[in-house]
$ cat model-v3.txt   # compact mmCIF, C-alpha atoms
# COMPACT_ATOMS: atom_id res chain seq x y z
CA MET A 24 -249.73 -58.93 89.01
CA GLY A 25 -251.28 -62.33 88.53
CA GLN A 26 -254.88 -62.83 87.59
CA GLN A 27 -257.20 -62.52 90.59
CA GLU A 28 -258.93 -65.81 91.33
CA GLN A 29 -262.68 -65.85 90.87
CA VAL A 30 -264.46 -66.96 94.05
CA THR A 31 -267.90 -68.51 93.81
CA THR A 32 -270.19 -70.22 96.30
CA SER A 33 -273.20 -72.47 96.02
CA LEU A 34 -275.05 -71.82 99.27
CA ALA A 35 -277.22 -68.89 100.19
CA GLY A 36 -276.30 -66.84 103.24
CA ALA A 37 -279.43 -68.10 104.95
CA VAL A 38 -277.82 -71.56 105.26
CA SER A 39 -275.05 -70.21 107.46
CA GLU A 40 -277.54 -68.18 109.47
CA ASP A 41 -279.76 -71.21 110.03
CA ILE A 42 -276.83 -73.34 111.15
CA SER A 43 -275.67 -70.65 113.57
CA ALA A 44 -279.17 -70.33 114.99
CA SER A 45 -279.36 -74.11 115.48
CA LEU A 46 -276.08 -74.05 117.44
CA ALA A 47 -276.80 -70.99 119.58
CA ALA A 48 -277.63 -73.12 122.62
CA VAL A 49 -274.45 -75.16 122.15
CA ASP A 50 -272.38 -71.98 121.86
CA ALA A 51 -273.84 -70.71 125.13
CA GLU A 52 -273.23 -74.06 126.82
CA LEU A 53 -269.60 -74.10 125.69
CA ASP A 54 -269.05 -70.62 127.10
CA ARG A 55 -270.71 -71.56 130.38
CA ARG A 56 -269.11 -74.94 131.01
CA TYR A 57 -265.71 -74.39 129.42
CA PRO A 58 -264.51 -70.84 130.11
CA GLY A 59 -260.84 -71.93 130.10
CA ASP A 60 -258.15 -71.47 132.71
CA PRO A 61 -258.64 -68.34 134.83
CA GLY A 62 -255.06 -67.25 134.12
CA THR A 63 -254.30 -66.67 137.80
CA ARG A 64 -251.50 -68.12 139.87
CA GLN A 65 -251.88 -71.76 140.87
CA PRO A 66 -249.94 -72.70 144.00
CA VAL A 67 -247.41 -75.49 143.52
CA HIS A 68 -248.53 -77.24 146.70
CA THR A 69 -250.98 -77.30 149.59
CA VAL A 70 -249.79 -77.68 153.16
CA TYR A 71 -252.23 -79.17 155.67
CA VAL A 72 -251.90 -78.22 159.35
CA PRO A 73 -254.30 -79.62 161.97
CA GLY A 74 -256.64 -76.97 163.33
CA ASP A 75 -255.63 -77.63 166.92
CA LEU A 76 -251.93 -77.13 166.06
CA PHE A 77 -252.25 -74.12 163.77
CA GLY A 78 -250.83 -70.91 165.20
CA VAL A 79 -249.37 -67.49 164.49
CA GLY A 80 -245.91 -68.86 163.73
CA THR A 81 -246.91 -71.93 161.70
CA ILE A 82 -245.73 -70.74 158.28
CA ARG A 83 -242.43 -69.34 159.52
CA SER A 84 -241.87 -72.51 161.56
CA TRP A 85 -242.30 -74.67 158.45
CA GLY A 86 -239.80 -72.54 156.57
CA ASP A 87 -237.29 -72.62 159.40
CA GLN A 88 -237.60 -76.39 159.81
CA ALA A 89 -237.08 -76.86 156.07
CA LEU A 90 -233.98 -74.67 156.12
CA ALA A 91 -232.66 -76.56 159.13
CA ALA A 92 -233.14 -79.84 157.24
CA LEU A 93 -231.10 -78.47 154.36
CA ASP A 94 -228.36 -77.25 156.72
CA GLU A 95 -228.13 -80.66 158.33
CA HIS A 96 -228.60 -83.02 155.40
CA ALA A 97 -227.56 -81.00 152.31
CA PRO A 98 -225.56 -77.96 153.43
CA ASP A 99 -224.47 -76.91 149.93
CA ALA A 100 -225.61 -77.09 146.34
CA GLY A 101 -223.35 -80.00 145.46
CA ALA A 102 -224.65 -82.16 148.27
CA PHE A 103 -228.27 -81.43 147.39
CA ALA A 104 -227.65 -82.06 143.69
CA ARG A 105 -226.04 -85.44 144.40
CA VAL A 106 -229.07 -86.56 146.40
CA LEU A 107 -231.58 -85.55 143.73
CA GLY A 108 -229.49 -86.13 140.61
CA LEU A 109 -229.58 -82.49 139.53
CA ALA A 110 -227.41 -81.56 136.56
CA ASP A 111 -224.25 -79.61 137.37
CA ASP A 112 -225.43 -76.53 135.47
CA LEU A 113 -228.63 -76.41 137.54
CA ALA A 114 -227.29 -77.23 140.99
CA GLU A 115 -226.23 -73.79 142.23
CA ASP A 116 -229.19 -71.94 140.77
CA VAL A 117 -231.82 -74.39 142.05
CA TYR A 118 -230.28 -74.59 145.51
CA ALA A 119 -230.12 -70.80 145.81
CA ARG A 120 -233.73 -70.45 144.67
CA VAL A 121 -234.91 -73.12 147.11
CA ARG A 122 -233.23 -71.41 150.05
CA ASN A 123 -234.55 -68.02 149.00
CA LYS A 124 -238.06 -69.44 148.67
CA LEU A 125 -237.93 -71.01 152.13
CA GLU A 126 -236.80 -67.72 153.61
CA ARG A 127 -239.26 -65.52 151.70
CA GLU A 128 -242.41 -67.60 151.09
CA PRO A 129 -242.12 -71.15 152.44
CA VAL A 130 -245.80 -72.01 152.00
CA GLU A 131 -247.88 -71.05 148.97
CA ASP A 132 -251.18 -72.61 150.01
CA LEU A 133 -252.15 -73.39 153.61
CA ARG A 134 -255.15 -75.40 154.68
CA VAL A 135 -256.12 -75.43 158.35
CA ASP A 136 -257.44 -78.95 158.73
CA PHE A 137 -260.59 -79.85 160.66
CA GLU A 138 -260.98 -83.26 159.05
CA ASP A 139 -258.66 -86.31 159.17
CA GLY A 140 -255.71 -84.48 160.70
CA TYR A 141 -257.70 -82.68 163.39
CA GLY A 142 -257.18 -83.76 167.00
CA GLY A 143 -259.53 -81.39 168.83
CA ALA A 144 -261.71 -83.01 171.49
CA GLY A 145 -265.40 -82.15 171.17
CA ASP A 146 -267.57 -79.46 169.69
CA LEU A 147 -266.48 -76.68 172.05
CA ALA A 148 -262.83 -77.26 171.18
CA GLU A 149 -263.56 -77.23 167.44
CA ASP A 150 -265.59 -74.04 167.78
CA ARG A 151 -262.69 -72.36 169.57
CA ASP A 152 -260.09 -73.66 167.11
CA ALA A 153 -262.13 -72.52 164.09
CA ALA A 154 -262.65 -69.05 165.59
CA ARG A 155 -258.97 -68.81 166.50
CA ALA A 156 -257.96 -69.89 162.99
CA ALA A 157 -260.13 -67.14 161.49
CA ARG A 158 -258.53 -64.50 163.70
CA ILE A 159 -254.97 -65.65 162.94
CA VAL A 160 -255.63 -65.88 159.19
CA ALA A 161 -257.19 -62.40 159.12
CA GLU A 162 -254.27 -60.91 161.08
CA ALA A 163 -251.75 -62.63 158.81
CA TYR A 164 -253.36 -61.18 155.69
CA ALA A 165 -253.47 -57.77 157.34
CA ASP A 166 -249.75 -57.77 158.21
CA GLY A 167 -248.55 -59.48 155.03
CA THR A 168 -247.37 -62.74 156.59
CA ALA A 169 -250.12 -65.01 155.23
CA ALA A 170 -249.58 -67.61 152.55
CA PRO A 171 -250.89 -66.38 149.18
CA TYR A 172 -253.74 -68.89 149.52
CA THR A 173 -255.22 -69.92 152.87
CA GLY A 174 -258.38 -71.58 154.13
CA ILE A 175 -259.81 -74.60 155.88
CA ARG A 176 -260.74 -78.17 155.15
CA MET A 177 -263.97 -78.83 156.99
CA LYS A 178 -265.61 -82.17 157.65
CA CYS A 179 -267.52 -83.72 154.78
CA MET A 180 -271.22 -83.74 153.91
CA GLU A 181 -271.85 -87.30 155.09
CA ALA A 182 -274.58 -87.65 157.69
CA ALA A 183 -272.38 -88.49 160.69
CA VAL A 184 -270.31 -85.28 160.51
CA ARG A 185 -272.42 -82.99 158.30
CA ASP A 186 -273.67 -80.67 161.03
CA ARG A 187 -270.19 -80.30 162.46
CA GLY A 188 -268.73 -79.47 159.06
CA ILE A 189 -271.42 -76.87 158.42
CA ARG A 190 -270.89 -75.27 161.82
CA THR A 191 -267.09 -75.11 161.48
CA THR A 192 -267.44 -73.51 158.06
CA ASP A 193 -269.85 -70.95 159.52
CA VAL A 194 -267.64 -70.21 162.54
CA PHE A 195 -264.54 -69.73 160.38
CA LEU A 196 -266.16 -67.58 157.71
CA THR A 197 -268.05 -65.50 160.28
CA GLY A 198 -264.78 -64.94 162.13
CA LEU A 199 -263.14 -63.68 158.97
CA MET A 200 -266.00 -61.26 158.41
CA GLU A 201 -265.67 -59.99 161.97
CA HIS A 202 -261.93 -59.43 161.48
CA GLY A 203 -262.06 -57.40 158.27
CA GLY A 204 -263.78 -59.52 155.64
CA LEU A 205 -262.91 -62.41 153.35
CA PRO A 206 -259.33 -62.31 152.03
CA GLU A 207 -258.70 -62.62 148.31
CA GLY A 208 -256.69 -65.81 148.79
CA LEU A 209 -259.41 -67.64 150.72
CA VAL A 210 -259.83 -71.32 149.77
CA LEU A 211 -262.27 -73.88 151.16
CA THR A 212 -261.81 -77.63 150.70
CA LEU A 213 -264.75 -80.06 150.79
CA PRO A 214 -263.47 -83.61 151.47
CA LYS A 215 -264.78 -87.12 150.81
CA VAL A 216 -267.35 -86.18 148.19
CA THR A 217 -269.14 -89.18 146.70
CA TYR A 218 -272.30 -87.73 145.12
CA PRO A 219 -272.92 -84.52 143.15
CA GLU A 220 -275.80 -83.78 145.53
CA GLN A 221 -273.24 -83.24 148.31
CA VAL A 222 -271.60 -80.59 146.16
CA THR A 223 -274.99 -78.97 145.58
CA ALA A 224 -275.61 -78.97 149.34
CA PHE A 225 -272.32 -77.15 149.95
CA VAL A 226 -273.24 -74.61 147.27
CA ARG A 227 -276.51 -73.95 149.12
CA LEU A 228 -274.53 -73.43 152.35
CA LEU A 229 -272.24 -70.87 150.72
CA GLU A 230 -275.19 -69.12 149.09
CA ALA A 231 -276.85 -68.77 152.48
CA PHE A 232 -273.70 -67.28 153.99
CA GLU A 233 -273.32 -64.81 151.14
CA LYS A 234 -276.93 -63.66 151.54
CA ALA A 235 -276.54 -63.36 155.32
CA HIS A 236 -273.60 -60.99 154.88
CA GLY A 237 -274.64 -59.17 151.72
CA LEU A 238 -271.76 -60.62 149.70
CA ASP A 239 -271.75 -60.88 145.94
CA ALA A 240 -273.27 -64.12 144.68
CA GLY A 241 -270.50 -66.57 143.85
CA ARG A 242 -267.91 -64.87 146.07
CA LEU A 243 -267.14 -68.16 147.82
CA GLY A 244 -265.56 -70.97 145.81
CA PHE A 245 -264.22 -74.32 146.92
CA GLU A 246 -262.10 -77.34 146.05
CA ILE A 247 -263.54 -80.83 145.80
CA GLN A 248 -261.47 -83.69 147.20
CA ILE A 249 -261.61 -86.90 145.21
CA GLU A 250 -261.10 -89.65 147.79
CA THR A 251 -263.66 -92.32 146.98
CA SER A 252 -264.23 -94.65 144.05
CA GLN A 253 -267.77 -93.29 143.68
CA ALA A 254 -266.32 -89.85 142.95
CA ILE A 255 -264.69 -91.23 139.82
CA LEU A 256 -267.26 -93.74 138.57
CA ALA A 257 -270.93 -93.61 139.56
CA ALA A 258 -273.18 -96.64 139.94
CA ASP A 259 -274.67 -95.92 136.49
CA GLY A 260 -271.23 -95.92 134.87
CA THR A 261 -270.93 -92.15 134.39
CA ALA A 262 -267.94 -90.06 135.46
CA THR A 263 -269.16 -88.60 138.75
CA VAL A 264 -266.40 -86.01 138.92
CA ALA A 265 -267.67 -84.32 135.75
CA ARG A 266 -271.14 -84.09 137.27
CA MET A 267 -269.65 -82.66 140.46
CA ILE A 268 -268.08 -79.80 138.53
CA GLY A 269 -271.50 -79.01 137.08
CA ALA A 270 -273.16 -79.29 140.49
CA ALA A 271 -270.76 -76.67 141.85
CA GLU A 272 -272.47 -74.07 139.63
CA GLY A 273 -269.23 -72.28 138.77
CA ARG A 274 -267.85 -72.30 142.32
CA ALA A 275 -265.45 -75.24 141.96
CA THR A 276 -261.84 -74.08 141.82
CA GLY A 277 -259.97 -77.37 142.13
CA LEU A 278 -260.08 -81.16 142.25
CA HIS A 279 -257.66 -82.60 144.81
CA TYR A 280 -256.70 -86.26 144.72
CA GLY A 281 -256.65 -87.98 148.12
CA THR A 282 -253.92 -90.59 147.83
CA PHE A 283 -254.60 -92.72 150.88
CA ASP A 284 -258.38 -92.59 151.23
CA TYR A 285 -258.82 -93.35 147.53
CA SER A 286 -256.29 -96.19 147.55
CA ALA A 287 -257.85 -97.72 150.65
CA CYS A 288 -261.30 -97.43 149.09
CA LEU A 289 -260.07 -99.63 146.23
CA GLY A 290 -258.44 -102.14 148.57
CA VAL A 291 -254.83 -101.22 147.82
CA SER A 292 -252.65 -102.46 150.68
CA ALA A 293 -250.88 -99.84 152.77
CA ALA A 294 -247.41 -100.60 151.42
CA TYR A 295 -248.51 -99.72 147.87
CA GLN A 296 -250.63 -96.63 148.51
CA ALA A 297 -248.75 -94.01 146.50
CA GLY A 298 -249.26 -91.37 143.85
CA ASP A 299 -247.71 -93.52 141.13
CA HIS A 300 -249.94 -96.56 141.69
CA PRO A 301 -251.98 -97.48 138.57
CA ALA A 302 -255.20 -96.82 140.50
CA ALA A 303 -253.98 -93.30 141.27
CA ASP A 304 -253.02 -92.70 137.65
CA HIS A 305 -256.48 -93.80 136.49
CA ALA A 306 -258.30 -91.53 138.96
CA LYS A 307 -256.19 -88.50 138.15
CA ALA A 308 -256.56 -89.06 134.42
CA ILE A 309 -260.36 -89.02 134.80
CA MET A 310 -260.14 -85.89 136.95
CA GLN A 311 -257.90 -84.21 134.40
CA VAL A 312 -260.20 -84.90 131.47
CA ALA A 313 -263.30 -83.85 133.42
CA ALA A 314 -261.67 -80.56 134.45
CA ALA A 315 -260.10 -79.68 131.10
CA GLY A 316 -261.30 -76.32 129.85
CA THR A 317 -263.60 -75.72 132.82
CA GLY A 318 -261.20 -73.49 134.77
CA VAL A 319 -261.11 -76.10 137.56
CA ARG A 320 -257.55 -77.12 138.41
CA VAL A 321 -256.31 -80.58 139.32
CA SER A 322 -253.99 -81.28 142.24
CA ASP A 323 -252.00 -84.43 142.92
CA GLY A 324 -251.98 -85.98 146.38
CA SER A 325 -249.15 -86.59 148.83
CA THR A 326 -246.59 -89.08 150.06
CA ASN A 327 -246.59 -90.23 153.67
CA VAL A 328 -242.88 -91.09 153.62
CA LEU A 329 -241.44 -88.33 155.79
CA PRO A 330 -237.85 -87.01 155.52
CA VAL A 331 -236.93 -87.53 159.16
CA GLY A 332 -234.24 -89.47 161.03
CA PRO A 333 -230.60 -90.01 160.04
CA THR A 334 -229.22 -88.37 156.89
CA ALA A 335 -229.37 -91.53 154.76
CA GLN A 336 -233.05 -91.96 155.60
CA VAL A 337 -233.81 -88.31 154.87
CA HIS A 338 -232.04 -88.59 151.52
CA GLU A 339 -234.13 -91.60 150.52
CA ALA A 340 -237.35 -89.78 151.41
CA TRP A 341 -236.17 -86.71 149.48
CA LYS A 342 -235.42 -88.82 146.39
CA LEU A 343 -238.88 -90.35 146.55
CA HIS A 344 -240.67 -87.03 146.99
CA TYR A 345 -238.61 -85.33 144.29
CA GLY A 346 -239.29 -88.16 141.85
CA LEU A 347 -243.03 -88.19 142.53
CA THR A 348 -243.22 -84.41 142.12
CA ARG A 349 -241.31 -84.46 138.82
CA ARG A 350 -243.52 -87.30 137.60
CA ALA A 351 -246.65 -85.31 138.45
CA LEU A 352 -245.36 -82.18 136.70
CA ALA A 353 -244.68 -84.13 133.52
CA ARG A 354 -248.30 -85.32 133.65
CA ALA A 355 -249.57 -81.73 134.05
CA TYR A 356 -250.46 -82.01 137.74
CA TYR A 357 -248.93 -78.71 138.78
CA GLN A 358 -249.96 -78.86 142.42
CA GLY A 359 -249.65 -81.45 145.19
CA TRP A 360 -249.86 -81.87 148.94
CA ASP A 361 -246.91 -81.57 151.31
CA MET A 362 -247.28 -83.26 154.68
CA HIS A 363 -244.09 -82.21 156.49
CA PRO A 364 -241.68 -79.24 156.51
CA GLY A 365 -238.98 -81.57 155.22
CA HIS A 366 -240.93 -81.96 151.98
CA LEU A 367 -240.58 -78.28 151.11
CA PRO A 368 -236.96 -78.39 149.87
CA THR A 369 -237.71 -81.17 147.38
CA ARG A 370 -241.04 -79.69 146.35
CA TYR A 371 -239.38 -76.46 145.31
CA ALA A 372 -236.29 -78.18 143.89
CA ALA A 373 -238.48 -80.33 141.65
CA VAL A 374 -240.60 -77.40 140.50
CA PHE A 375 -237.65 -75.09 139.87
CA ALA A 376 -235.66 -77.76 138.01
CA PHE A 377 -238.68 -78.65 135.88
CA TYR A 378 -238.98 -75.11 134.57
CA ARG A 379 -235.31 -74.20 134.40
CA GLU A 380 -234.44 -77.32 132.42
CA GLY A 381 -236.83 -76.43 129.64
CA TYR A 382 -237.39 -72.70 129.64
CA GLU A 383 -234.75 -71.77 127.04
CA THR A 384 -236.13 -74.25 124.50
CA ALA A 385 -239.71 -73.24 125.25
CA ALA A 386 -238.91 -69.53 124.97
CA ARG A 387 -237.12 -69.93 121.64
CA ARG A 388 -239.90 -72.09 120.20
CA LEU A 389 -242.50 -69.53 121.23
CA ALA A 390 -240.42 -66.66 119.80
CA ALA A 391 -240.03 -68.53 116.50
CA TYR A 392 -243.76 -69.18 116.36
CA ALA A 393 -244.65 -65.56 117.17
CA ASN A 394 -242.23 -64.25 114.53
CA HIS A 395 -243.05 -66.89 111.88
CA ALA A 396 -239.35 -67.77 111.98
CA GLY A 397 -239.70 -71.52 111.65
CA GLY A 398 -237.23 -73.89 113.26
CA ASP A 399 -236.70 -77.60 113.78
CA VAL A 400 -240.16 -78.08 115.32
CA MET A 401 -243.39 -77.20 113.51
CA ASP A 402 -245.52 -75.77 116.30
CA GLU A 403 -249.25 -75.23 116.08
CA PRO A 404 -251.32 -72.58 117.87
CA ALA A 405 -252.27 -75.05 120.60
CA THR A 406 -248.58 -75.76 121.22
CA ALA A 407 -247.89 -72.03 121.45
CA LYS A 408 -250.56 -71.92 124.14
CA ALA A 409 -248.78 -74.71 126.04
CA LEU A 410 -245.38 -73.03 125.66
CA ALA A 411 -246.68 -69.70 126.98
CA SER A 412 -248.49 -71.40 129.86
CA TYR A 413 -245.29 -73.25 130.80
CA LEU A 414 -243.30 -70.01 130.92
CA LEU A 415 -246.00 -68.21 132.91
CA ARG A 416 -246.14 -70.98 135.49
CA GLY A 417 -242.37 -70.80 135.84
CA LEU A 418 -242.54 -67.05 136.37
CA ARG A 419 -245.36 -67.23 138.91
CA CYS A 420 -243.65 -69.80 141.14
CA GLY A 421 -240.24 -68.09 141.10
CA ALA A 422 -238.43 -70.66 138.98
CA LEU A 423 -237.89 -68.08 136.22
CA ASP A 424 -237.17 -64.36 136.20
CA ALA A 425 -238.98 -61.95 133.90
CA PRO A 426 -235.84 -60.42 132.31
CA GLU A 427 -234.49 -63.79 131.14
CA VAL A 428 -237.83 -64.81 129.66
CA ASP A 429 -238.31 -61.41 128.03
CA ALA A 430 -234.83 -61.57 126.50
CA LEU A 431 -235.37 -64.98 124.91
CA THR A 432 -238.94 -64.54 123.71
CA GLY A 433 -239.00 -60.85 122.86
CA LEU A 434 -242.55 -60.92 124.23
CA THR A 435 -244.16 -58.89 126.99
CA ARG A 436 -246.08 -60.41 129.88
CA THR A 437 -249.26 -59.29 128.11
CA ASP A 438 -248.13 -61.19 125.01
CA LEU A 439 -247.55 -64.33 127.06
CA ASP A 440 -250.99 -64.03 128.63
CA ARG A 441 -252.51 -63.62 125.16
CA PHE A 442 -250.84 -66.76 123.84
CA ALA A 443 -251.68 -68.75 126.97
CA SER A 444 -255.35 -67.76 127.08
CA PRO A 445 -256.69 -67.27 123.56
CA ARG A 446 -260.35 -66.53 122.99
CA ARG A 447 -262.45 -69.60 122.18
CA GLY A 448 -262.08 -70.57 118.54
CA ASP A 449 -259.40 -67.91 118.03
CA LEU A 450 -256.14 -69.79 118.53
CA THR A 451 -254.81 -68.84 115.12
CA ALA A 452 -255.25 -65.14 115.84
CA ASN A 453 -252.23 -65.33 118.13
CA ALA A 454 -249.89 -66.36 115.34
CA GLY A 455 -247.89 -63.24 114.70

$ encode --input "model-v3.txt" --output "structure tokens"
Amino acid sequence: MGQQEQVTTSLAGAVSEDISASLAAVDAELDRRYPGDPGTRQPVHTVYVPGDLFGVGTIRSWGDQALAALDEHAPDAGAFARVLGLADDLAEDVYARVRNKLEREPVEDLRVDFEDGYGGAGDLAEDRDAARAARIVAEAYADGTAAPYTGIRMKCMEAAVRDRGIRTTDVFLTGLMEHGGLPEGLVLTLPKVTYPEQVTAFVRLLEAFEKAHGLDAGRLGFEIQIETSQAILAADGTATVARMIGAAEGRATGLHYGTFDYSACLGVSAAYQAGDHPAADHAKAIMQVAAAGTGVRVSDGSTNVLPVGPTAQVHEAWKLHYGLTRRALARAYYQGWDMHPGHLPTRYAAVFAFYREGYETAARRLAAYANHAGGDVMDEPATAKALASYLLRGLRCGALDAPEVDALTGLTRTDLDRFASPRRGDLTANAG
């Protein structure tokens, strides 16, 4: 036994107590503003369907149209892989998973649209369409055919359409209450937000609805669409989007980038309005930093290049969509918009390939970290968090299967959750 080292200190315990007391307000603020990711499933996409076109068979129709597009333009794994440049060892697996997904759950997140995409004529028509949407959504949740997440995008809080947006929200939510209550997967999307005060106004609307129906305070959350320059940078030079998250008072669930409105707002010509434009990258980077740690998730936008027409044209649109989706995933934008059923095959192909390409390496690195086994990469606790989060996202979207992840990591699902969502200031407690 070696000699035990003598430990001495110079400061009285009161110093530490005084410092802690001085930071108590900061500690509380950190817990309030930065609770971390909720650890729930995030859909890989959002599908927007105009409120006047939404119907009982919408989700199944999208899946069937996507499958038909595969049958016509990529009838086997090899053909699909050649279009997208998938590696040979991924082709069969990804293709099979895409087809299975389109048959089983073609849409993960559905938004019935009463804003830009809505073609209803007049207030009476919008009232009827909103009430009908509520009934169909409630019935779909009751019989198990709903998308995991479903809701509406109402009109914005600008003066010209404010009353209509408030009324449509009321009609839809009231309809849900009349048909069994609010489903767990309910999502509301507030578009074209330019000032935090508009977010506050929407919070007041939701509070009033909750009180009217005796619902728990905070039951209703919503996404904020970032579609204007003012939503990124305010007149005083501050990051508006960060203030919007605060104005939501804990109700904000997501920030969704609006590719075309935002690009047009900055004067980008139509031919160059795309998710990989430098203006788009700047906006999404600001959104990402503002949302980090808050539990608010960031979604990419969409492409308006549709996979329709002759096979060569469809293939070009698929390549574009696949490339944009892979680019977004690499930048940690794990969700995007899909505008057409033909986008579904490449959305899921990109997501599945992204996780299947890297899951073995990620699983082994996490296992080595958990077992203090070392390896050719020196991972830190924060990297273990990222590795676990990556594997969990792959499991939740269907890219990975639990047995293969369990076999490589030697970790349970509870272990993965623990690594992915450590307590604040306790990252190192997960090592081992």

$ residues_near_point --input "model-v3.txt" --point "(-261.7, -78.8, 171.7)" --cutoff "12 Å" --atoms "only C-alpha atoms" --output "PyMOL selection string"
chain A and resi 74-76+137+141-155

$ atom_distance --input "model-v3.txt" --atom1 "atom CA of A:Pro426" --atom2 "atom CA of A:Leu439"
13.4 Å

$ closest_residue --input "model-v3.txt" --among "A:Gly281, A:Gly203, A:Pro219, A:Pro129" --to "A:Ala169" --atoms "only C-alpha atoms"
A:Pro129

$ atom_distance --input "model-v3.txt" --atom1 "atom CA of A:Ala104" --atom2 "atom CA of A:Leu125"
17.3 Å

$ closest_residue --input "model-v3.txt" --among "A:Arg127, A:Lys342, A:Arg416, A:Lys234" --to "A:Ala372" --atoms "all atoms listed in the file"
A:Lys342

$ atom_distance --input "model-v3.txt" --atom1 "atom CA of A:Ala161" --atom2 "atom CA of A:Leu199"
6.1 Å

$ closest_residue --input "model-v3.txt" --among "A:Leu434, A:Gln336, A:Tyr218, A:Arg56" --to "A:Ala258" --atoms "only C-alpha atoms"
A:Tyr218

$ residues_near_point --input "model-v3.txt" --point "(-254.1, -87.3, 160.2)" --cutoff "10 Å" --atoms "all atoms listed in the file" --output "short mmCIF file (atom, residue, chain, number, x, y, z; two decimals) with C-alpha atoms, keeping the file's coordinate frame"
data_model
loop_
_atom_site.label_atom_id
_atom_site.label_comp_id
_atom_site.auth_asym_id
_atom_site.auth_seq_id
_atom_site.Cartn_x
_atom_site.Cartn_y
_atom_site.Cartn_z
CA TYR A 71 -252.23 -79.17 155.67
CA VAL A 72 -251.90 -78.22 159.35
CA PRO A 73 -254.30 -79.62 161.97
CA ASP A 136 -257.44 -78.95 158.73
CA PHE A 137 -260.59 -79.85 160.66
CA GLU A 138 -260.98 -83.26 159.05
CA ASP A 139 -258.66 -86.31 159.17
CA GLY A 140 -255.71 -84.48 160.70
CA TYR A 141 -257.70 -82.68 163.39
CA GLY A 142 -257.18 -83.76 167.00
CA MET A 362 -247.28 -83.26 154.68
#

$ closest_residue --input "model-v3.txt" --among "A:Glu126, A:Glu115, A:Glu220, A:Glu246" --to "A:Ile175" --atoms "only C-alpha atoms"
A:Glu246

$ residues_around --input "model-v3.txt" --residues "A:Gly421" --least-positions-apart "5" --cutoff "12 Å" --atoms "all atoms listed in the file" --output "PyMOL selection string"
chain A and resi 64+66-67+116-117+119-125+127-129+131+371-372+374-379+414-416

$ residues_around --input "model-v3.txt" --residues "A:Gly365" --least-positions-apart "6" --cutoff "9 Å" --atoms "only C-alpha atoms" --output "ChimeraX atom specification"
/A:85,88-93,329-331,337,341

$ axis_aligned_box --input "model-v3.txt" --around "stretch 214-225 of chain A" --padding-each-side "6 Å" --output "AutoDock Vina command-line options"
--center_x -269.6 --center_y -83.2 --center_z 147.3 --size_x 24.3 --size_y 24.0 --size_z 20.3

$ closest_residue --input "model-v3.txt" --among "A:Leu418, A:Ala182, A:Ala235, A:Val216" --to "A:Arg266" --atoms "only C-alpha atoms"
A:Val216

$ closest_residue --input "model-v3.txt" --among "A:Ala393, A:Leu367, A:Ala51, A:Leu196" --to "A:Ala407" --atoms "all atoms listed in the file"
A:Ala393

$ residues_around --input "model-v3.txt" --residues "A:Gly318" --least-positions-apart "5" --cutoff "8 Å" --atoms "all atoms listed in the file" --output "list in words"
Tyr57, Pro58, Gly59, Asp60, Pro61 and Thr276 of chain A

$ residues_around --input "model-v3.txt" --residues "A:Glu233" --least-positions-apart "4" --cutoff "12 Å" --atoms "all atoms listed in the file" --output "MDAnalysis selection string"
chainID A and resid 193 196:197 200 204:205 226:229 237:244
